[in-house]
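Have a look at the structure below, then the notes.
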Amino acid sequence: MFDDRPQDLIRGGRGGPARRGARGRGVATRGDGEARLGQLAATATATCTSGTRSPAGAGAKPSAPRSPLLTTGTALRTFDDFVEDAGAAPDYCGANFVTNDTGTLTIGMHIHNRSGFSIDDTYAVLFDTDGSASTGGFRGGEYLLVFDGSMSELGRWDGSTYQTLTLQTPLAVTWVDGLGPAIRIGRSDLGNPAAFDFALVSFSGEDGDAAPDDGAWSYQLAPFELAAKSLTVGRAKAGNPLVARLLVIRTDFDVELTEGTIACTAKVGGTTIRGSGVFAGERARCTWRVPRNARGKTFAGSVAVTFDGVQAKRTFAVKVR
Ligand SMILES: [Ca+2]
Ligand SMILES: [Ca+2]
């Protein structure tokens with residue numbers, strides 16, 4: 001629970017200046033960013049079965065864990081809090097998560113006793129970005145993010161209080177069904193830390209939850225990568241279309257990449273063949289037309305996908321029939 005009164009976390013307190021603005025600075029309007037964040041956050045494991053003080057039940061809604069697509073290399077990390085330690089406030093449970101891509105951090109909060117934002121609830125994330133619990137405000141946090149369903153505000157500790165910052169990257173906030181709030185924040189807005197400690201706080205009236213119960217959790221950022229997995233290449237027949245499909249896994253959420261720029265290159269006997277690319281069925285799909293006079297020659301191609309400044313690429317060579 002709280003070391004301090006939750007009201008003291010926010011300059012101005014509940015009902016004060018931090019809440020009165022219709023929308024906080026840097027809050028993106030609900031749109032594509034929030035929808036995409038919600039889709040991705042929904043892929044993260046959400047279960048209350050670990051980290052529970054009382055056994056399953058307790059209002060928890062466990063869901064089956066996903067099968068990881070990557071064996072190593074994902075930036076996704078989960079953090080478990082006890083349930084039934086929040087009174088009437090939003091109760092963090094198991095499988096809260098943090099991940100990062102090239103420019104942003106995404107944090108998903110698993111709240112088992114809510115199905116959406118409520119006017120009575122406020123959430124906060126403390127970021128201890130200098131690795132010292134003795135610097136910063138609550139739990140050593142150099143940065144404090146406060147949000148609810150209609151506002152958000154990021155403050156930086158100035159030695160005595162959190163001063164509101166103007167964000168470089170719009171903050172995305174959404175509610176993910178079966179999980180809870182998810183936020184995406186620019187790494188540069190937190191001073192580009194390579195690692196940080198953090199704590200999640202909720203409050204509703206006089207009740208609240210802090211996760212973890214004491215201290216903070218640690219997160220180490222990882223390079224954002226795209227892993228080129230299976231490439232399937234169709235039959236190369238002279239005069240017919242040739243299709244190649246590449247499965248690419250993004251390391252931030254360990255899920256199939258379904259967005260980005262696709263490049264389809266190919267050559268037959270020294271001649272460049274123009275191809276076209278599209279995402280279909282969670283694969284990057286390239287299609288070329290095999291020249292009519294190519295029978296017996298080698299069709300050498302590649303499928304490359306670029307997203308968030310990172311590329312994944314696979315090549316192939318097949319004999320034209
Ligand atoms: Ca809890
Ligand atoms: Ca600190």
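So you can find residues: chains in the structure tokens are A, B, ... in the order shown, residues in each start at 1, and ligands are numbered from 1 in order.
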
**Request:** Please give me, as a list in words, the residues lying within 7 Å of ligand 2 when counting only C-alpha atoms and all ligand atoms.
**Result:** Asp128, Thr129, Asp130, Gly131, Ser132, Ala133, Ser134, Thr135, Gly136, Gly140, Gly141 and Glu142 of chain A

**Request:** Find the spatial neighbours of segment 225-241 of chain A, counting only C-alpha atoms, within a cut-off of 7 Å - ignore same-chain residues fewer than 5 positions away - and output them as an MDAnalysis selection string.
**Result:** chainID A and resid 246:251 287:295 310:314 318:321

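Counting only C-alpha atoms and all ligand atoms and comparing A:Phe147, A:Phe253, A:Tyr123, A:Tyr92, the residue that lies closest to ligand 1 is A:Tyr92.
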
**Request:** Give as an MDAnalysis selection string the residues surrounding ligand 1 up to a distance of 10 Å, considering only C-alpha atoms and all ligand atoms.
**Result:** chainID A and resid 1 51:53 80:87 89:94 110:113 200:202 208:213

Take the residues just selected and output them with N, CA and C atoms as a short mmCIF file (atom, residue, chain, number, x, y, z; two decimals), in the first residue's frame.
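File written: result-v8.cif
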data_model
loop_
_atom_site.label_atom_id
_atom_site.label_comp_id
_atom_site.auth_asym_id
_atom_site.auth_seq_id
_atom_site.Cartn_x
_atom_site.Cartn_y
_atom_site.Cartn_z
N MET A 1 0.84 -1.19 0.00
CA MET A 1 0.00 0.00 0.00
C MET A 1 0.88 1.24 0.00
N GLY A 51 1.27 -14.70 -8.58
CA GLY A 51 1.35 -13.47 -7.81
C GLY A 51 0.10 -13.18 -7.00
N THR A 52 -0.76 -14.15 -6.88
CA THR A 52 -1.99 -13.90 -6.14
C THR A 52 -1.81 -14.24 -4.67
N ARG A 53 -2.36 -13.41 -3.83
CA ARG A 53 -2.32 -13.68 -2.40
C ARG A 53 -3.38 -14.71 -2.05
N ASP A 80 4.33 -9.41 -11.49
CA ASP A 80 3.13 -9.86 -10.77
C ASP A 80 2.97 -9.13 -9.44
N ASP A 81 1.75 -8.72 -9.18
CA ASP A 81 1.41 -8.14 -7.88
C ASP A 81 0.36 -9.02 -7.22
N PHE A 82 0.25 -8.91 -5.91
CA PHE A 82 -0.79 -9.62 -5.18
C PHE A 82 -2.16 -9.03 -5.48
N VAL A 83 -3.18 -9.88 -5.37
CA VAL A 83 -4.54 -9.36 -5.50
C VAL A 83 -5.15 -9.19 -4.12
N GLU A 84 -6.26 -8.48 -4.09
CA GLU A 84 -7.01 -8.22 -2.85
C GLU A 84 -6.18 -7.41 -1.85
N ASP A 85 -5.40 -6.47 -2.39
CA ASP A 85 -4.64 -5.58 -1.51
C ASP A 85 -4.93 -4.12 -1.86
N ALA A 86 -6.11 -3.88 -2.46
CA ALA A 86 -6.38 -2.55 -3.00
C ALA A 86 -7.65 -1.92 -2.42
N GLY A 87 -8.33 -2.60 -1.51
CA GLY A 87 -9.62 -2.08 -1.06
C GLY A 87 -10.55 -1.96 -2.25
N ALA A 89 -10.08 0.20 -4.67
CA ALA A 89 -9.35 0.83 -5.78
C ALA A 89 -9.02 -0.22 -6.85
N PRO A 90 -8.62 0.23 -8.03
CA PRO A 90 -8.15 -0.72 -9.06
C PRO A 90 -7.02 -1.58 -8.50
N ASP A 91 -7.16 -2.90 -8.67
CA ASP A 91 -6.26 -3.86 -8.03
C ASP A 91 -5.33 -4.47 -9.08
N TYR A 92 -4.03 -4.11 -9.05
CA TYR A 92 -3.06 -4.74 -9.93
C TYR A 92 -2.93 -6.20 -9.56
N CYS A 93 -2.86 -7.07 -10.57
CA CYS A 93 -2.66 -8.49 -10.28
C CYS A 93 -1.47 -8.99 -11.07
N GLY A 94 -1.53 -10.24 -11.58
CA GLY A 94 -0.39 -10.79 -12.29
C GLY A 94 -0.30 -10.27 -13.71
N HIS A 110 -2.51 -4.81 -15.47
CA HIS A 110 -3.58 -5.81 -15.37
C HIS A 110 -4.41 -5.56 -14.12
N ILE A 111 -5.60 -5.08 -14.37
CA ILE A 111 -6.52 -4.70 -13.29
C ILE A 111 -7.70 -5.68 -13.35
N HIS A 112 -7.81 -6.57 -12.36
CA HIS A 112 -8.82 -7.62 -12.47
C HIS A 112 -10.20 -7.19 -11.97
N ASN A 113 -10.26 -6.07 -11.24
CA ASN A 113 -11.55 -5.69 -10.66
C ASN A 113 -12.16 -4.45 -11.33
N LEU A 200 3.79 0.94 -10.02
CA LEU A 200 2.45 1.28 -10.49
C LEU A 200 1.58 1.62 -9.28
N VAL A 201 0.81 2.65 -9.41
CA VAL A 201 -0.04 3.08 -8.30
C VAL A 201 -1.44 3.36 -8.83
N SER A 202 -2.43 2.95 -8.07
CA SER A 202 -3.82 3.31 -8.39
C SER A 202 -4.44 3.89 -7.14
N GLY A 208 -6.23 2.46 -2.29
CA GLY A 208 -5.24 2.45 -3.35
C GLY A 208 -4.49 1.14 -3.40
N ASP A 209 -3.69 1.00 -4.45
CA ASP A 209 -2.82 -0.17 -4.60
C ASP A 209 -1.49 0.34 -5.13
N ALA A 210 -0.42 -0.23 -4.63
CA ALA A 210 0.90 0.05 -5.17
C ALA A 210 1.54 -1.28 -5.54
N ALA A 211 2.09 -1.33 -6.74
CA ALA A 211 2.69 -2.55 -7.23
C ALA A 211 4.10 -2.24 -7.74
N PRO A 212 5.14 -2.89 -7.21
CA PRO A 212 5.05 -3.90 -6.15
C PRO A 212 4.67 -3.26 -4.80
N ASP A 213 4.45 -4.12 -3.80
CA ASP A 213 4.03 -3.61 -2.50
C ASP A 213 5.06 -2.66 -1.91
#

**Proximity to Ala317 of chain A - best of A:Arg285, A:Arg77, A:Lys297, A:Arg245, only C-alpha atoms** = A:Lys297

**Prompt:** Got a sec to tell me which of segment 122-254 of chain A DSSP assigns to helix (DSSP H, G or I), as a PyMOL selection string?
**Reply:** chain A and resi 138-140+187-190

With N, CA and C atoms retained, export the selected residues as a PDB file, in the first residue's frame.
ATOM      1  N   PHE A 138       8.360   9.973  -4.761  1.00  0.00           N
ATOM      2  CA  PHE A 138       7.817   8.704  -4.280  1.00  0.00           C
ATOM      3  C   PHE A 138       8.551   7.535  -4.926  1.00  0.00           C
ATOM      4  N   ARG A 139       9.070   6.629  -4.112  1.00  0.00           N
ATOM      5  CA  ARG A 139       9.807   5.442  -4.580  1.00  0.00           C
ATOM      6  C   ARG A 139      10.963   5.784  -5.515  1.00  0.00           C
ATOM      7  N   GLY A 140      11.570   6.912  -5.286  1.00  0.00           N
ATOM      8  CA  GLY A 140      12.757   7.285  -6.053  1.00  0.00           C
ATOM      9  C   GLY A 140      12.474   7.724  -7.460  1.00  0.00           C
ATOM     10  N   ARG A 187      10.443   7.252 -25.252  1.00  0.00           N
ATOM     11  CA  ARG A 187      11.635   7.026 -24.435  1.00  0.00           C
ATOM     12  C   ARG A 187      12.357   8.337 -24.165  1.00  0.00           C
ATOM     13  N   SER A 188      12.331   9.245 -25.144  1.00  0.00           N
ATOM     14  CA  SER A 188      13.041  10.515 -24.966  1.00  0.00           C
ATOM     15  C   SER A 188      12.375  11.383 -23.906  1.00  0.00           C
ATOM     16  N   ASP A 189      11.063  11.198 -23.708  1.00  0.00           N
ATOM     17  CA  ASP A 189      10.375  11.982 -22.684  1.00  0.00           C
ATOM     18  C   ASP A 189      10.779  11.568 -21.275  1.00  0.00           C
ATOM     19  N   LEU A 190      11.407  10.400 -21.157  1.00  0.00           N
ATOM     20  CA  LEU A 190      11.920   9.936 -19.867  1.00  0.00           C
ATOM     21  C   LEU A 190      13.438  10.060 -19.814  1.00  0.00           C
TER      22      LEU A 190
END

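Between atom CA of Ile183 of chain A and atom CA of Asp158 of chain A the interatomic distance comes to 23.8 Å.
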
**Request:** Between A:Gly205, A:Gly73, A:Gly178, A:Gly215, single out the one closest to Ser115 of chain A, counting only C-alpha atoms.
**Result:** A:Gly178

**Message:** What's around Ala35 of chain A at 12 Å? Count only C-alpha atoms, leave out sequence neighbours fewer than 6 positions away in its own chain, and write the answer as a PyMOL selection string.
**Reply:** chain A and resi 28-29+41-42+172-177+182-184

Those same residues, written as a CSV table (one decimal), in the first residue's frame with C-alpha atoms?
chain,number,residue,atom,x,y,z
A,28,ALA,CA,-3.4,12.1,-28.3
A,29,THR,CA,-7.0,12.0,-29.3
A,41,ALA,CA,-1.3,-4.9,-25.6
A,42,ALA,CA,-4.1,-7.5,-26.0
A,172,ALA,CA,-1.2,7.0,-26.0
A,173,VAL,CA,-3.6,5.8,-23.3
A,174,THR,CA,-6.2,3.1,-23.9
A,175,TRP,CA,-8.2,0.5,-22.0
A,176,VAL,CA,-7.6,-3.1,-23.2
A,177,ASP,CA,-10.4,-5.6,-22.6
A,182,ALA,CA,-2.1,0.4,-21.5
A,183,ILE,CA,0.1,3.4,-22.1
A,184,ARG,CA,2.8,4.2,-24.7

**Asked** Separation of atom CA of Thr306 of chain A and atom CA of Gly269 of chain A, in Å?
**Response**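 Spanning atom CA of Thr306 of chain A to atom CA of Gly269 of chain A is a straight-line distance of 27.1 Å.
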
I'd like the contact shell of segment 191-196 of chain A - 12 Å cut-off, only C-alpha atoms, skipping same-chain residues fewer than 5 positions apart - returned as a JSON list (two decimals) with C-alpha atoms, in the first residue's frame.
[["chain", "number", "residue", "atom", "x", "y", "z"],
["A", 75, "ALA", "CA", 11.75, -7.13, -24.89],
["A", 98, "VAL", "CA", 6.56, -3.53, -19.99],
["A", 99, "THR", "CA", 8.11, -3.60, -23.44],
["A", 100, "ASN", "CA", 9.92, -1.23, -25.78],
["A", 102, "THR", "CA", 12.90, 1.88, -31.02],
["A", 103, "GLY", "CA", 11.30, 5.04, -29.71],
["A", 104, "THR", "CA", 8.67, 4.16, -27.13],
["A", 105, "LEU", "CA", 7.88, 2.19, -24.01],
["A", 125, "VAL", "CA", 3.48, 5.21, -12.88],
["A", 126, "LEU", "CA", 6.69, 6.18, -11.08],
["A", 127, "PHE", "CA", 9.90, 5.97, -13.12],
["A", 128, "ASP", "CA", 13.15, 5.84, -11.19],
["A", 129, "THR", "CA", 15.46, 6.49, -14.12],
["A", 130, "ASP", "CA", 18.76, 7.11, -12.31],
["A", 131, "GLY", "CA", 18.88, 3.79, -10.45],
["A", 132, "SER", "CA", 18.79, 5.49, -7.06],
["A", 133, "ALA", "CA", 15.83, 5.18, -4.74],
["A", 140, "GLY", "CA", 12.76, 7.29, -6.05],
["A", 141, "GLY", "CA", 10.84, 8.34, -9.14],
["A", 142, "GLU", "CA", 12.43, 11.02, -11.29],
["A", 143, "TYR", "CA", 9.27, 10.96, -13.41],
["A", 156, "ARG", "CA", 9.68, 15.47, -13.59],
["A", 165, "LEU", "CA", 6.52, 18.37, -18.86],
["A", 167, "LEU", "CA", 5.87, 15.74, -24.25],
["A", 168, "GLN", "CA", 7.93, 15.24, -27.42],
["A", 185, "ILE", "CA", 5.27, 6.87, -23.84],
["A", 186, "GLY", "CA", 8.28, 8.24, -25.72],
["A", 216, "ALA", "CA", 10.18, -1.00, -7.40],
["A", 217, "TRP", "CA", 10.43, -3.40, -10.31],
["A", 218, "SER", "CA", 13.34, -3.18, -12.75],
["A", 219, "TYR", "CA", 13.21, -3.07, -16.52],
["A", 220, "GLN", "CA", 16.12, -3.19, -18.95],
["A", 221, "LEU", "CA", 15.41, -1.86, -22.42],
["A", 222, "ALA", "CA", 16.27, -4.14, -25.34],
["A", 223, "PRO", "CA", 17.10, -3.30, -28.96]]

**Fill in**
The distance between atom CA of Gly116 of chain A and atom CA of Asp148 of chain A is 10.1 Å

**Asked** Of the candidates A:Phe316, A:Asp120, A:Val278, A:Leu76, which one gets nearest to Asp207 of chain A if we count only C-alpha atoms?
**Response** A:Asp120

**Request:** Could you find all residues in segment 192-225 of chain A that DSSP calls strand (DSSP E) from the backbone, and write them as a list in words?
**Result:**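 Answer for segment 192-225 of chain A, restricted to strand (DSSP E): Ala195, Phe196, Asp197, Phe198, Ala199, Leu200, Val201, Ser202, Phe203, Ser204, Asp207, Gly208, Asp209, Ala210, Ala211, Trp217, Ser218, Tyr219 and Gln220 of chain A.
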
Expected file contents, prior selection, C-alpha atoms, as an mmCIF file, in the first residue's frame:
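Result went into result_10.cif, see below:
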data_model
loop_
_atom_site.group_PDB
_atom_site.id
_atom_site.type_symbol
_atom_site.label_atom_id
_atom_site.label_comp_id
_atom_site.auth_asym_id
_atom_site.auth_seq_id
_atom_site.Cartn_x
_atom_site.Cartn_y
_atom_site.Cartn_z
ATOM 1 C CA ALA A 195 17.095 0.789 -17.764
ATOM 2 C CA PHE A 196 14.805 2.018 -15.022
ATOM 3 C CA ASP A 197 12.953 0.970 -11.907
ATOM 4 C CA PHE A 198 9.231 1.598 -11.737
ATOM 5 C CA ALA A 199 6.141 1.243 -9.591
ATOM 6 C CA LEU A 200 2.450 1.284 -10.489
ATOM 7 C CA VAL A 201 -0.040 3.083 -8.299
ATOM 8 C CA SER A 202 -3.817 3.309 -8.391
ATOM 9 C CA PHE A 203 -6.199 5.120 -6.176
ATOM 10 C CA SER A 204 -9.893 5.603 -5.733
ATOM 11 C CA ASP A 207 -8.176 3.325 -1.185
ATOM 12 C CA GLY A 208 -5.236 2.455 -3.351
ATOM 13 C CA ASP A 209 -2.818 -0.167 -4.602
ATOM 14 C CA ALA A 210 0.900 0.052 -5.169
ATOM 15 C CA ALA A 211 2.691 -2.555 -7.227
ATOM 16 C CA TRP A 217 10.434 -3.395 -10.314
ATOM 17 C CA SER A 218 13.342 -3.176 -12.751
ATOM 18 C CA TYR A 219 13.207 -3.074 -16.521
ATOM 19 C CA GLN A 220 16.125 -3.190 -18.947
#
